[in-house]
$ cat protein.cif   # mmCIF, C-alpha atoms
data_model
loop_
_atom_site.label_atom_id
_atom_site.label_comp_id
_atom_site.auth_asym_id
_atom_site.auth_seq_id
_atom_site.Cartn_x
_atom_site.Cartn_y
_atom_site.Cartn_z
CA MET L 182 -54.82 -19.47 -108.18
CA LYS L 183 -57.78 -21.45 -106.89
CA LYS L 184 -60.39 -19.81 -104.71
CA ASP L 185 -59.52 -21.95 -101.69
CA GLU L 186 -55.95 -20.71 -101.79
CA THR L 187 -56.92 -17.01 -101.69
CA GLY L 188 -56.00 -15.48 -98.36
CA LEU L 189 -54.12 -18.63 -97.36
CA ILE L 190 -50.91 -17.99 -99.26
CA ALA L 191 -49.40 -16.88 -95.97
CA LYS L 192 -49.47 -20.51 -94.93
CA GLY L 193 -46.63 -21.12 -97.39
CA LYS L 194 -46.08 -22.39 -100.90
CA GLN L 195 -45.24 -25.87 -99.62
CA LEU L 196 -48.67 -26.19 -97.98
CA VAL L 197 -50.41 -25.02 -101.17
CA ALA L 198 -48.47 -27.60 -103.17
CA VAL L 199 -49.41 -30.39 -100.76
CA PHE L 200 -53.02 -29.19 -100.81
CA ASN L 201 -53.16 -29.36 -104.63
CA ARG L 202 -51.78 -32.90 -104.61
CA ALA L 203 -54.23 -33.93 -101.85
CA VAL L 204 -57.17 -32.49 -103.83
CA GLU L 205 -56.09 -34.48 -106.89
CA ILE L 206 -55.85 -37.70 -104.86
CA ILE L 207 -59.27 -37.25 -103.26
CA GLU L 208 -61.05 -36.23 -106.46
CA ASN L 209 -59.50 -39.13 -108.36
CA ALA L 210 -60.53 -41.48 -105.56
CA ARG L 211 -64.13 -40.31 -105.74
CA ARG L 212 -64.18 -41.03 -109.46
CA PHE L 213 -62.39 -44.33 -109.19
CA VAL L 214 -64.54 -47.46 -109.21
CA GLY L 215 -62.61 -50.19 -107.42
CA ARG L 216 -63.61 -53.51 -105.97
CA THR L 217 -65.25 -51.90 -102.95
CA ALA L 218 -65.68 -48.56 -101.29
CA ASP L 219 -63.39 -49.83 -98.53
CA PHE L 220 -60.55 -50.33 -100.97
CA THR L 221 -60.95 -46.82 -102.34
CA MET L 222 -60.95 -45.39 -98.82
CA CYS L 223 -57.84 -47.35 -97.82
CA LEU L 224 -55.97 -46.30 -100.95
CA THR L 225 -57.01 -42.66 -100.51
CA TYR L 226 -55.73 -42.50 -96.93
CA PHE L 227 -52.59 -44.45 -97.85
CA GLU L 228 -51.80 -41.90 -100.59
CA LEU L 229 -52.60 -38.95 -98.32
CA GLY L 230 -50.30 -40.38 -95.68
CA ARG L 231 -47.56 -40.81 -98.27
CA ILE L 232 -47.57 -37.21 -99.45
CA ILE L 233 -47.74 -35.89 -95.88
CA ILE L 234 -44.73 -37.94 -94.81
CA GLU L 235 -42.81 -37.10 -97.98
CA GLN L 236 -43.38 -33.40 -97.37
CA GLU L 237 -42.38 -33.66 -93.71
CA GLN L 238 -39.16 -35.43 -94.61
CA ASP L 239 -38.18 -32.58 -96.93
CA GLY L 240 -38.19 -30.08 -94.07
CA GLN L 241 -35.54 -29.54 -91.43
CA GLU L 242 -37.96 -29.36 -88.49
CA ARG L 243 -40.17 -32.29 -89.45
CA ALA L 244 -42.25 -32.76 -86.31
CA LYS L 245 -42.89 -29.07 -85.76
CA TYR L 246 -43.60 -28.37 -89.42
CA GLY L 247 -45.69 -31.53 -89.78
CA THR L 248 -48.12 -30.46 -87.06
CA LYS L 249 -48.59 -27.06 -88.66
CA MET L 250 -48.94 -28.57 -92.12
CA ILE L 251 -51.63 -31.03 -91.06
CA ALA L 252 -53.61 -28.24 -89.40
CA GLY L 253 -53.39 -26.08 -92.51
CA LEU L 254 -54.07 -28.97 -94.89
CA SER L 255 -57.12 -29.99 -92.88
CA GLU L 256 -58.49 -26.44 -93.07
CA LEU L 257 -57.96 -26.24 -96.84
CA LEU L 258 -59.42 -29.67 -97.60
CA ASN L 259 -62.52 -29.10 -95.47
CA LYS L 260 -63.14 -25.80 -97.23
CA HIS L 261 -62.73 -27.46 -100.61
CA PHE L 262 -64.71 -30.66 -99.94
CA GLY L 263 -67.07 -29.53 -97.18
CA LYS L 264 -66.01 -31.89 -94.40
CA GLY L 265 -64.37 -35.23 -93.63
CA PHE L 266 -60.71 -34.27 -93.39
CA SER L 267 -60.10 -33.38 -89.77
CA GLN L 268 -56.61 -33.19 -88.32
CA ALA L 269 -57.24 -36.54 -86.60
CA THR L 270 -58.14 -38.13 -89.96
CA LEU L 271 -54.97 -36.83 -91.60
CA LYS L 272 -52.86 -38.02 -88.66
CA ASN L 273 -54.44 -41.46 -89.04
CA ALA L 274 -53.56 -41.41 -92.75
CA ARG L 275 -49.98 -40.53 -91.90
CA GLN L 276 -49.73 -43.35 -89.37
CA PHE L 277 -51.37 -45.79 -91.79
CA TYR L 278 -48.72 -45.11 -94.42
CA HIS L 279 -45.91 -45.19 -91.85
CA VAL L 280 -46.98 -48.63 -90.56
CA TYR L 281 -47.83 -50.26 -93.90
CA CYS L 282 -45.56 -48.54 -96.45
CA SER L 283 -43.13 -51.48 -96.55
CA GLN L 284 -45.98 -53.99 -96.86
CA ILE L 285 -48.25 -52.32 -99.42
CA GLY L 286 -47.09 -51.48 -102.94
CA GLN L 287 -46.57 -47.93 -104.14
CA LEU L 288 -49.13 -46.90 -106.75
CA SER L 289 -51.16 -43.73 -107.16
CA ILE L 290 -54.89 -43.55 -107.85
CA SER L 291 -54.29 -41.78 -111.18
CA GLU L 292 -52.18 -44.76 -112.31
CA LEU L 293 -54.95 -47.14 -111.27
CA GLN L 294 -57.38 -45.32 -113.58
CA ASN L 295 -55.26 -46.08 -116.63
CA GLU L 296 -57.17 -48.35 -119.00
CA ASN L 297 -54.08 -50.52 -119.46
CA ALA L 298 -53.55 -51.05 -115.73
CA LEU L 299 -56.21 -53.71 -115.05
CA SER L 300 -53.74 -56.29 -113.77
CA ILE L 301 -52.03 -53.62 -111.63
CA ARG L 302 -55.39 -52.57 -110.19
CA GLN L 303 -56.27 -56.15 -109.29
CA SER L 304 -52.87 -56.62 -107.67
CA MET L 305 -53.16 -53.40 -105.67
CA ILE L 306 -56.70 -54.19 -104.55
CA SER L 307 -55.44 -57.44 -103.03
CA GLU L 308 -52.99 -55.45 -100.88
CA PHE L 309 -55.82 -53.99 -98.78
CA LYS L 310 -57.31 -57.09 -97.22
CA VAL L 311 -59.57 -55.53 -94.56
CA SER L 312 -61.58 -52.34 -94.18
CA TRP L 313 -60.30 -48.92 -93.14
CA THR L 314 -61.98 -49.29 -89.75
CA HIS L 315 -60.05 -52.56 -89.25
CA TYR L 316 -56.82 -50.77 -90.13
CA LEU L 317 -57.59 -48.06 -87.58
CA VAL L 318 -57.32 -50.79 -84.93
CA LEU L 319 -54.45 -52.75 -86.47
CA MET L 320 -52.09 -49.87 -87.15
CA ARG L 321 -52.05 -48.97 -83.44
CA ILE L 322 -50.58 -52.37 -82.50
CA GLU L 323 -46.86 -51.71 -82.07
CA ASN L 324 -45.55 -55.28 -82.15
CA PRO L 325 -45.34 -56.29 -85.87
CA ALA L 326 -45.79 -60.00 -85.09
CA GLU L 327 -48.85 -59.31 -82.95
CA ARG L 328 -50.29 -56.96 -85.60
CA ALA L 329 -49.76 -59.61 -88.30
CA PHE L 330 -51.56 -62.19 -86.14
CA TYR L 331 -54.67 -60.04 -85.67
CA GLU L 332 -54.71 -59.08 -89.35
CA ILE L 333 -54.61 -62.75 -90.39
CA GLU L 334 -57.38 -63.57 -87.92
CA ALA L 335 -59.52 -60.68 -89.21
CA ILE L 336 -59.07 -61.89 -92.80
CA ASN L 337 -59.38 -65.65 -92.30
CA GLU L 338 -62.26 -65.51 -89.81
CA ASN L 339 -64.05 -62.49 -91.36
CA ARG L 340 -63.93 -60.72 -88.00
CA THR L 341 -66.04 -57.61 -87.46
CA VAL L 342 -64.24 -54.58 -86.04
CA GLU L 343 -65.93 -55.15 -82.68
CA LYS L 344 -64.81 -58.79 -82.59
CA LEU L 345 -61.29 -57.72 -83.56
CA LYS L 346 -61.21 -55.16 -80.74
CA ARG L 347 -62.45 -57.75 -78.27
CA GLU L 348 -59.76 -60.24 -79.29
CA TYR L 349 -57.07 -57.56 -78.97
CA HIS L 350 -58.25 -56.24 -75.60
CA SER L 351 -58.61 -59.79 -74.26
CA SER L 352 -54.95 -60.39 -75.26
CA LEU L 353 -55.72 -63.35 -77.49
CA TYR L 354 -52.24 -63.25 -79.06
CA GLU L 355 -50.44 -63.35 -75.71
CA ARG L 356 -52.74 -66.01 -74.26
CA LEU L 357 -52.15 -68.30 -77.23
CA ALA L 358 -48.43 -67.54 -77.42
CA LEU L 359 -47.83 -68.39 -73.75
CA SER L 360 -49.13 -71.91 -74.38
CA LYS L 361 -46.72 -72.58 -77.28
CA ASP L 362 -43.04 -73.12 -77.92
CA LYS L 363 -40.86 -70.59 -79.75
CA LEU L 364 -41.70 -72.03 -83.18
CA GLY L 365 -45.39 -71.96 -82.31
CA VAL L 366 -45.19 -68.27 -81.42
CA MET L 367 -43.56 -67.51 -84.76
CA GLU L 368 -46.29 -69.44 -86.55
CA LEU L 369 -48.95 -67.24 -84.96
CA SER L 370 -47.72 -64.24 -86.92
CA ARG L 371 -47.47 -66.27 -90.12
CA ARG L 372 -50.65 -68.33 -90.05
CA GLY L 373 -52.82 -67.02 -87.22
CA GLN L 374 -54.41 -69.50 -84.84
CA THR L 375 -54.33 -73.01 -86.26
CA VAL L 376 -56.12 -76.00 -84.75
CA GLU L 377 -54.31 -79.21 -85.61
CA LYS L 378 -53.81 -80.91 -82.24
CA PRO L 379 -55.61 -80.75 -78.84
CA PRO L 380 -53.28 -78.18 -77.15
CA ASP L 381 -54.03 -75.74 -79.99
CA ILE L 382 -57.47 -75.01 -78.54
CA LEU L 383 -56.08 -73.95 -75.15
CA LYS L 384 -55.82 -70.36 -73.97
CA ASN L 385 -54.59 -69.39 -70.53
CA PRO L 386 -56.70 -67.98 -69.13
CA LEU L 387 -60.04 -68.37 -70.89
CA VAL L 388 -61.55 -64.88 -70.64
CA LEU L 389 -65.27 -64.74 -69.82
CA GLU L 390 -65.77 -61.02 -69.21
CA PHE L 391 -68.79 -61.06 -71.54
CA LEU L 392 -70.77 -62.98 -68.90
CA GLY L 393 -70.99 -59.79 -66.83
CA MET L 394 -70.24 -61.63 -63.58
CA LYS L 395 -68.22 -59.86 -60.88
CA GLU L 396 -64.82 -61.39 -60.26
CA HIS L 397 -64.80 -61.36 -56.46
CA HIS L 398 -68.30 -62.72 -55.89
CA THR L 399 -68.91 -66.33 -54.93
CA TYR L 400 -70.79 -68.31 -57.57
CA ALA L 401 -72.09 -71.84 -57.69
CA GLU L 402 -70.97 -73.93 -60.65
CA SER L 403 -74.54 -73.95 -61.93
CA ASP L 404 -74.54 -70.11 -61.96
CA LEU L 405 -71.49 -69.99 -64.20
CA GLU L 406 -72.88 -72.76 -66.40
CA SER L 407 -76.20 -70.93 -66.85
CA ALA L 408 -74.40 -67.68 -67.68
CA ILE L 409 -72.35 -69.48 -70.33
CA ILE L 410 -75.47 -71.00 -71.90
CA ASP L 411 -77.10 -67.55 -72.01
CA LYS L 412 -74.05 -66.24 -73.88
CA ILE L 413 -73.25 -69.39 -75.84
CA SER L 414 -72.32 -67.53 -79.06
CA ASP L 415 -69.74 -65.43 -77.21
CA PHE L 416 -68.46 -68.51 -75.39
CA LEU L 417 -68.00 -70.41 -78.67
CA LEU L 418 -66.03 -67.48 -80.06
CA GLU L 419 -63.79 -67.43 -76.98
CA LEU L 420 -63.29 -71.21 -77.10
CA GLY L 421 -61.87 -70.84 -80.60
CA LYS L 422 -62.20 -72.35 -84.02
CA GLY L 423 -64.42 -75.24 -85.04
CA PHE L 424 -66.55 -75.63 -81.91
CA LEU L 425 -70.16 -76.80 -82.02
CA PHE L 426 -72.34 -76.92 -78.92
CA GLU L 427 -74.11 -80.23 -78.31
CA ALA L 428 -75.52 -80.45 -74.80
CA ARG L 429 -75.69 -79.12 -71.26
CA GLN L 430 -75.71 -81.56 -68.34
CA LYS L 431 -75.28 -84.48 -70.72
CA ARG L 432 -76.35 -87.62 -68.87
CA PHE L 433 -74.88 -91.07 -69.33
CA THR L 434 -75.52 -94.20 -67.29
CA TYR L 435 -72.87 -96.69 -66.32
CA ASP L 436 -73.32 -99.65 -64.01
CA GLU L 437 -76.84 -98.39 -63.15
CA GLU L 438 -75.49 -95.02 -61.96
CA ASN L 439 -76.16 -91.68 -63.67
CA PHE L 440 -73.38 -89.18 -64.43
CA TYR L 441 -73.63 -85.68 -65.88
CA VAL L 442 -71.11 -83.76 -67.99
CA ASP L 443 -71.56 -80.01 -67.58
CA LEU L 444 -71.01 -79.04 -71.23
CA VAL L 445 -70.45 -81.16 -74.32
CA PHE L 446 -69.00 -79.71 -77.55
CA TYR L 447 -67.73 -81.11 -80.80
CA ASN L 448 -64.74 -79.66 -82.63
CA ARG L 449 -64.95 -80.01 -86.42
CA LYS L 450 -61.26 -79.30 -87.01
CA LEU L 451 -60.01 -81.86 -84.50
CA LYS L 452 -62.93 -84.22 -85.26
CA CYS L 453 -63.53 -85.09 -81.65
CA TYR L 454 -65.78 -84.48 -78.66
CA VAL L 455 -64.71 -81.85 -76.13
CA LEU L 456 -66.11 -82.26 -72.61
CA ILE L 457 -66.03 -79.33 -70.20
CA ASP L 458 -66.61 -79.53 -66.46
CA ILE L 459 -66.81 -76.27 -64.47
CA LYS L 460 -65.11 -75.88 -61.09
CA THR L 461 -65.55 -72.60 -59.24
CA GLN L 462 -63.28 -73.73 -56.40
CA LYS L 463 -59.63 -74.80 -56.49
CA LEU L 464 -59.16 -77.89 -58.61
CA LYS L 465 -58.75 -81.20 -56.74
CA HIS L 466 -57.26 -84.49 -57.88
CA GLN L 467 -60.73 -86.08 -57.56
CA ASP L 468 -61.99 -83.67 -60.23
CA LEU L 469 -59.28 -84.86 -62.61
CA GLY L 470 -60.16 -88.48 -61.95
CA GLN L 471 -63.83 -87.78 -62.62
CA MET L 472 -63.01 -86.13 -65.97
CA GLN L 473 -60.82 -89.10 -66.89
CA MET L 474 -63.86 -91.34 -66.37
CA TYR L 475 -66.04 -89.08 -68.57
CA VAL L 476 -63.44 -89.13 -71.35
CA ASN L 477 -63.06 -92.91 -71.11
CA TYR L 478 -66.83 -93.39 -71.37
CA PHE L 479 -67.12 -91.19 -74.49
CA ASP L 480 -64.12 -92.86 -76.13
CA ARG L 481 -65.51 -96.35 -75.51
CA ASN L 482 -69.22 -95.79 -76.02
CA VAL L 483 -69.90 -92.61 -77.98
CA ARG L 484 -67.20 -91.69 -80.50
CA GLU L 485 -67.09 -93.32 -83.92
CA GLU L 486 -64.06 -95.12 -85.32
CA CYS L 487 -63.43 -92.25 -87.74
CA GLU L 488 -63.26 -89.71 -84.89
CA ASN L 489 -60.29 -88.74 -82.76
CA PRO L 490 -59.99 -89.34 -78.99
CA THR L 491 -62.18 -87.22 -76.71
CA ILE L 492 -60.70 -84.15 -75.04
CA GLY L 493 -61.56 -83.24 -71.44
CA ILE L 494 -61.21 -79.68 -70.11
CA LEU L 495 -61.63 -78.74 -66.48
CA LEU L 496 -62.52 -75.05 -66.44
CA CYS L 497 -61.36 -73.88 -63.05
CA LYS L 498 -60.88 -70.70 -61.06
CA ASP L 499 -57.62 -71.94 -59.58
CA LYS L 500 -55.34 -74.95 -59.95
CA ASN L 501 -52.11 -76.46 -58.69
CA ASN L 502 -50.03 -77.43 -61.72
CA LYS L 503 -48.00 -79.96 -59.74
CA VAL L 504 -51.16 -81.77 -58.60
CA VAL L 505 -52.41 -81.86 -62.19
CA GLU L 506 -49.08 -83.22 -63.43
CA LEU L 507 -48.92 -85.87 -60.70
CA THR L 508 -52.53 -87.02 -61.12
CA LEU L 509 -52.74 -87.34 -64.90
CA PRO L 510 -50.76 -89.72 -67.09
CA LYS L 511 -48.37 -87.97 -69.48
CA ASP L 512 -50.42 -88.98 -72.52
CA ALA L 513 -53.78 -87.90 -71.01
CA ASN L 514 -56.07 -85.91 -73.28
CA ILE L 515 -57.24 -83.87 -70.30
CA TYR L 516 -56.40 -80.25 -69.55
CA ALA L 517 -56.95 -77.97 -66.58
CA GLN L 518 -57.65 -74.49 -67.86
CA LYS L 519 -58.14 -71.39 -65.74
CA TYR L 520 -60.87 -68.88 -66.49
CA SER L 521 -61.07 -65.17 -65.76
CA LEU L 522 -64.20 -63.06 -65.39
CA TYR L 523 -62.42 -59.86 -66.38
CA LEU L 524 -60.11 -58.75 -69.18
CA PRO L 525 -56.49 -59.57 -68.35
CA ASP L 526 -53.80 -56.97 -67.81
CA LYS L 527 -52.36 -56.74 -71.33
CA GLU L 528 -49.08 -55.18 -70.25
CA LEU L 529 -48.56 -57.93 -67.67
CA LEU L 530 -49.15 -60.66 -70.26
CA GLN L 531 -46.83 -58.92 -72.72
CA SER L 532 -44.17 -58.78 -70.01
CA LYS L 533 -44.62 -62.49 -69.25
CA LEU L 534 -44.37 -63.35 -72.93
CA ALA L 535 -41.19 -61.28 -73.33
CA GLU L 536 -39.64 -63.07 -70.30
CA TRP L 537 -40.70 -66.45 -71.69
CA VAL L 538 -39.13 -65.74 -75.09
CA GLN L 539 -35.94 -64.48 -73.42
CA GLU L 540 -35.70 -67.62 -71.27
CA PHE L 541 -36.31 -69.84 -74.29
CA GLU L 542 -33.62 -68.10 -76.31
CA GLY L 543 -31.23 -68.35 -73.34
CA ASP L 544 -31.86 -72.09 -73.01
CA SER L 545 -31.38 -72.63 -76.75
CA HIS L 546 -27.88 -71.14 -76.55
CA VAL L 547 -26.78 -73.35 -73.68
#
$ encode --input "protein.cif" --output "structure tokens"
Amino acid sequence: MKKDETGLIAKGKQLVAVFNRAVEIIENARRFVGRTADFTMCLTYFELGRIIIEQEQDGQERAKYGTKMIAGLSELLNKHFGKGFSQATLKNARQFYHVYCSQIGQLSISELQNENALSIRQSMISEFKVSWTHYLVLMRIENPAERAFYEIEAINENRTVEKLKREYHSSLYERLALSKDKLGVMELSRRGQTVEKPPDILKNPLVLEFLGMKEHHTYAESDLESAIIDKISDFLLELGKGFLFEARQKRFTYDEENFYVDLVFYNRKLKCYVLIDIKTQKLKHQDLGQMQMYVNYFDRNVREECENPTIGILLCKDKNNKVVELTLPKDANIYAQKYSLYLPDKELLQSKLAEWVQEFEGDSHV
């Protein structure tokens, strides 16, 4: 019997058996040279989670026994390896396997070390598409469709863990989903955020908590504009995919009169200019008319023949949807979009999305 097991036999033969299997997994992982250290870490925790869950399922009092087993296994592993296998770590491994077991193939590290298993190794490596720290965030998202969306975004956009957390806490999935139809919501979990037509760039609301401005204070439009310029990288990330910043207070002259567009962007995916005017007060029909003039000027005097029509966005604190609908023609490429200076209530947005989906499904059965 191994030294680490001496004096711990009282913890039960089952625990010793799980410990021996865990030691084998970890030692094999440390010898295994995979594509990256992240892959090895993900596979190690996936395998640890598998044997923990398998052992729990063999017992009659799974939850009670599982808690005791993790505590004992943590103690044994830390004695054997020094440190790094706290109860929290093992619980994370268990949850990781529970969430991803149906998505990720079943293959042990010892099998991956087989000289004849190169193709299997390459296939398995592709199963773990992000780092362990990404998975620590993703596996806590209960809604499978929402989790799939953030995983796709993390992969396609090479998101850091901090950026991933920010997108999740700012309810990016819900904000995009609420602006789409049922098919569009389903596509979010299959393809992530796609930008193929002007409405695809809209989020309601646009969340600007990174500006550090207090929600209930009164700000001039120039204050908000200056804050955005100071945090332009964060603002571009919040705007979405394909945005390039061109100018602030872009001047153009028409009929000997000067006009100024607050912010001018270009979107590479849509191949068009995007004009943004900031309104810190409730949106008025005159504001919509002014933006229509800006868009018309850019379409007639600035954009090239190979480019798509200009998009106008009025970034406003408050708006009346009926006034917007009455003022703008149905084919207008102009959008009134609310902004928020604080992170939205995620549970509230989830509730709204659930109601929206339910209403849509009810209408489709009529």
$ resolve_selection --input "protein.cif" --expression "the PyMOL selection byres ((chain L and resi 312) around 9)" --output "ChimeraX atom specification"
/L:219-220,222-223,309-311,313-317,342
$ atom_distance --input "protein.cif" --atom1 "CA of Leu254 (chain L)" --atom2 "CA of Ile206 (chain L)"
13.4 Å
$ residues_around --input "protein.cif" --residues "region 518-524 of chain L" --least-positions-apart "3" --cutoff "7 Å" --atoms "only C-alpha atoms" --output "list of chain:residue names"
L:Ser351, L:Asn385, L:Pro386, L:Leu387, L:Val388, L:Leu389, L:Glu390, L:Met394, L:Lys395, L:Glu396, L:Ile494, L:Leu495, L:Leu496, L:Cys497, L:Lys498, L:Asp499
$ residues_around --input "protein.cif" --residues "Tyr226 (chain L)" --least-positions-apart "4" --cutoff "9 Å" --atoms "all atoms listed in the file" --output "PyMOL selection string"
chain L and resi 207+221-222+230-231+270-271+273-275+277-278+313
$ resolve_selection --input "protein.cif" --expression "the PyMOL selection byres ((chain L and resi 375) around 12)" --output "ChimeraX atom specification"
/L:330,333-334,337-338,357-358,361,365-366,368-374,376-383,421-423,450-451
$ closest_residue --input "protein.cif" --among "L:Pro525, L:Asn489, L:Lys533, L:Gln462" --to "Asn501 (chain L)" --atoms "all atoms listed in the file"
L:Gln462
$ atom_distance --input "protein.cif" --atom1 "CA of Asp436 (chain L)" --atom2 "CA of His466 (chain L)"
22.9 Å
$ atom_distance --input "protein.cif" --atom1 "CA of Tyr435 (chain L)" --atom2 "CA of Val483 (chain L)"
12.7 Å
$ residues_around --input "protein.cif" --residues "Phe440 (chain L)" --least-positions-apart "6" --cutoff "9 Å" --atoms "all atoms listed in the file" --output "list of chain:residue names"
L:Gln430, L:Lys431, L:Arg432, L:Phe433, L:Thr434, L:Tyr475
$ write_last_selection --input "protein.cif" --atoms "C-alpha atoms" --output "CSV table (one decimal), in the coordinates of the input"
chain,number,residue,atom,x,y,z
L,430,GLN,CA,-75.7,-81.6,-68.3
L,431,LYS,CA,-75.3,-84.5,-70.7
L,432,ARG,CA,-76.4,-87.6,-68.9
L,433,PHE,CA,-74.9,-91.1,-69.3
L,434,THR,CA,-75.5,-94.2,-67.3
L,475,TYR,CA,-66.0,-89.1,-68.6
$ closest_residue --input "protein.cif" --among "L:Val476, L:Ala218, L:Ile409, L:Leu258" --to "Glu205 (chain L)" --atoms "only C-alpha atoms"
L:Leu258
$ residues_around --input "protein.cif" --residues "Gln471 (chain L)" --least-positions-apart "3" --cutoff "12 Å" --atoms "all atoms listed in the file" --output "list of chain:residue names"
L:Phe440, L:Tyr441, L:Val442, L:Leu456, L:Ile457, L:Asp458, L:Leu464, L:Lys465, L:His466, L:Gln467, L:Asp468, L:Met474, L:Tyr475, L:Val476, L:Asn477, L:Tyr478, L:Gly493, L:Ile494, L:Leu495, L:Thr508, L:Leu509, L:Ile515
$ write_last_selection --input "protein.cif" --atoms "C-alpha atoms" --output "short mmCIF file (atom, residue, chain, number, x, y, z; two decimals), keeping the file's coordinate frame"
data_model
loop_
_atom_site.label_atom_id
_atom_site.label_comp_id
_atom_site.auth_asym_id
_atom_site.auth_seq_id
_atom_site.Cartn_x
_atom_site.Cartn_y
_atom_site.Cartn_z
CA PHE L 440 -73.38 -89.18 -64.43
CA TYR L 441 -73.63 -85.68 -65.88
CA VAL L 442 -71.11 -83.76 -67.99
CA LEU L 456 -66.11 -82.26 -72.61
CA ILE L 457 -66.03 -79.33 -70.20
CA ASP L 458 -66.61 -79.53 -66.46
CA LEU L 464 -59.16 -77.89 -58.61
CA LYS L 465 -58.75 -81.20 -56.74
CA HIS L 466 -57.26 -84.49 -57.88
CA GLN L 467 -60.73 -86.08 -57.56
CA ASP L 468 -61.99 -83.67 -60.23
CA MET L 474 -63.86 -91.34 -66.37
CA TYR L 475 -66.04 -89.08 -68.57
CA VAL L 476 -63.44 -89.13 -71.35
CA ASN L 477 -63.06 -92.91 -71.11
CA TYR L 478 -66.83 -93.39 -71.37
CA GLY L 493 -61.56 -83.24 -71.44
CA ILE L 494 -61.21 -79.68 -70.11
CA LEU L 495 -61.63 -78.74 -66.48
CA THR L 508 -52.53 -87.02 -61.12
CA LEU L 509 -52.74 -87.34 -64.90
CA ILE L 515 -57.24 -83.87 -70.30
#
$ axis_aligned_box --input "protein.cif" --around "region 332-337 of chain L" --padding-each-side "5 Å" --output "AutoDock Vina command-line options"
--center_x -57.1 --center_y -62.4 --center_z -90.4 --size_x 14.9 --size_y 16.6 --size_z 14.9
$ closest_residue --input "protein.cif" --among "L:Cys453, L:Ile251, L:Ala408, L:Ala513" --to "Leu229 (chain L)" --atoms "only C-alpha atoms"
L:Ile251
$ resolve_selection --input "protein.cif" --expression "the PyMOL selection byres ((chain L and resi 534) around 12)" --output "list in words"
Glu327, Ser352, Tyr354, Glu355, Arg356, Leu357, Ala358, Leu359, Ser360, Lys361, Asp362, Lys363, Val366, Lys527, Glu528, Leu529, Leu530, Gln531, Ser532, Lys533, Ala535, Glu536, Trp537, Val538, Gln539, Glu540 and Phe541 of chain L
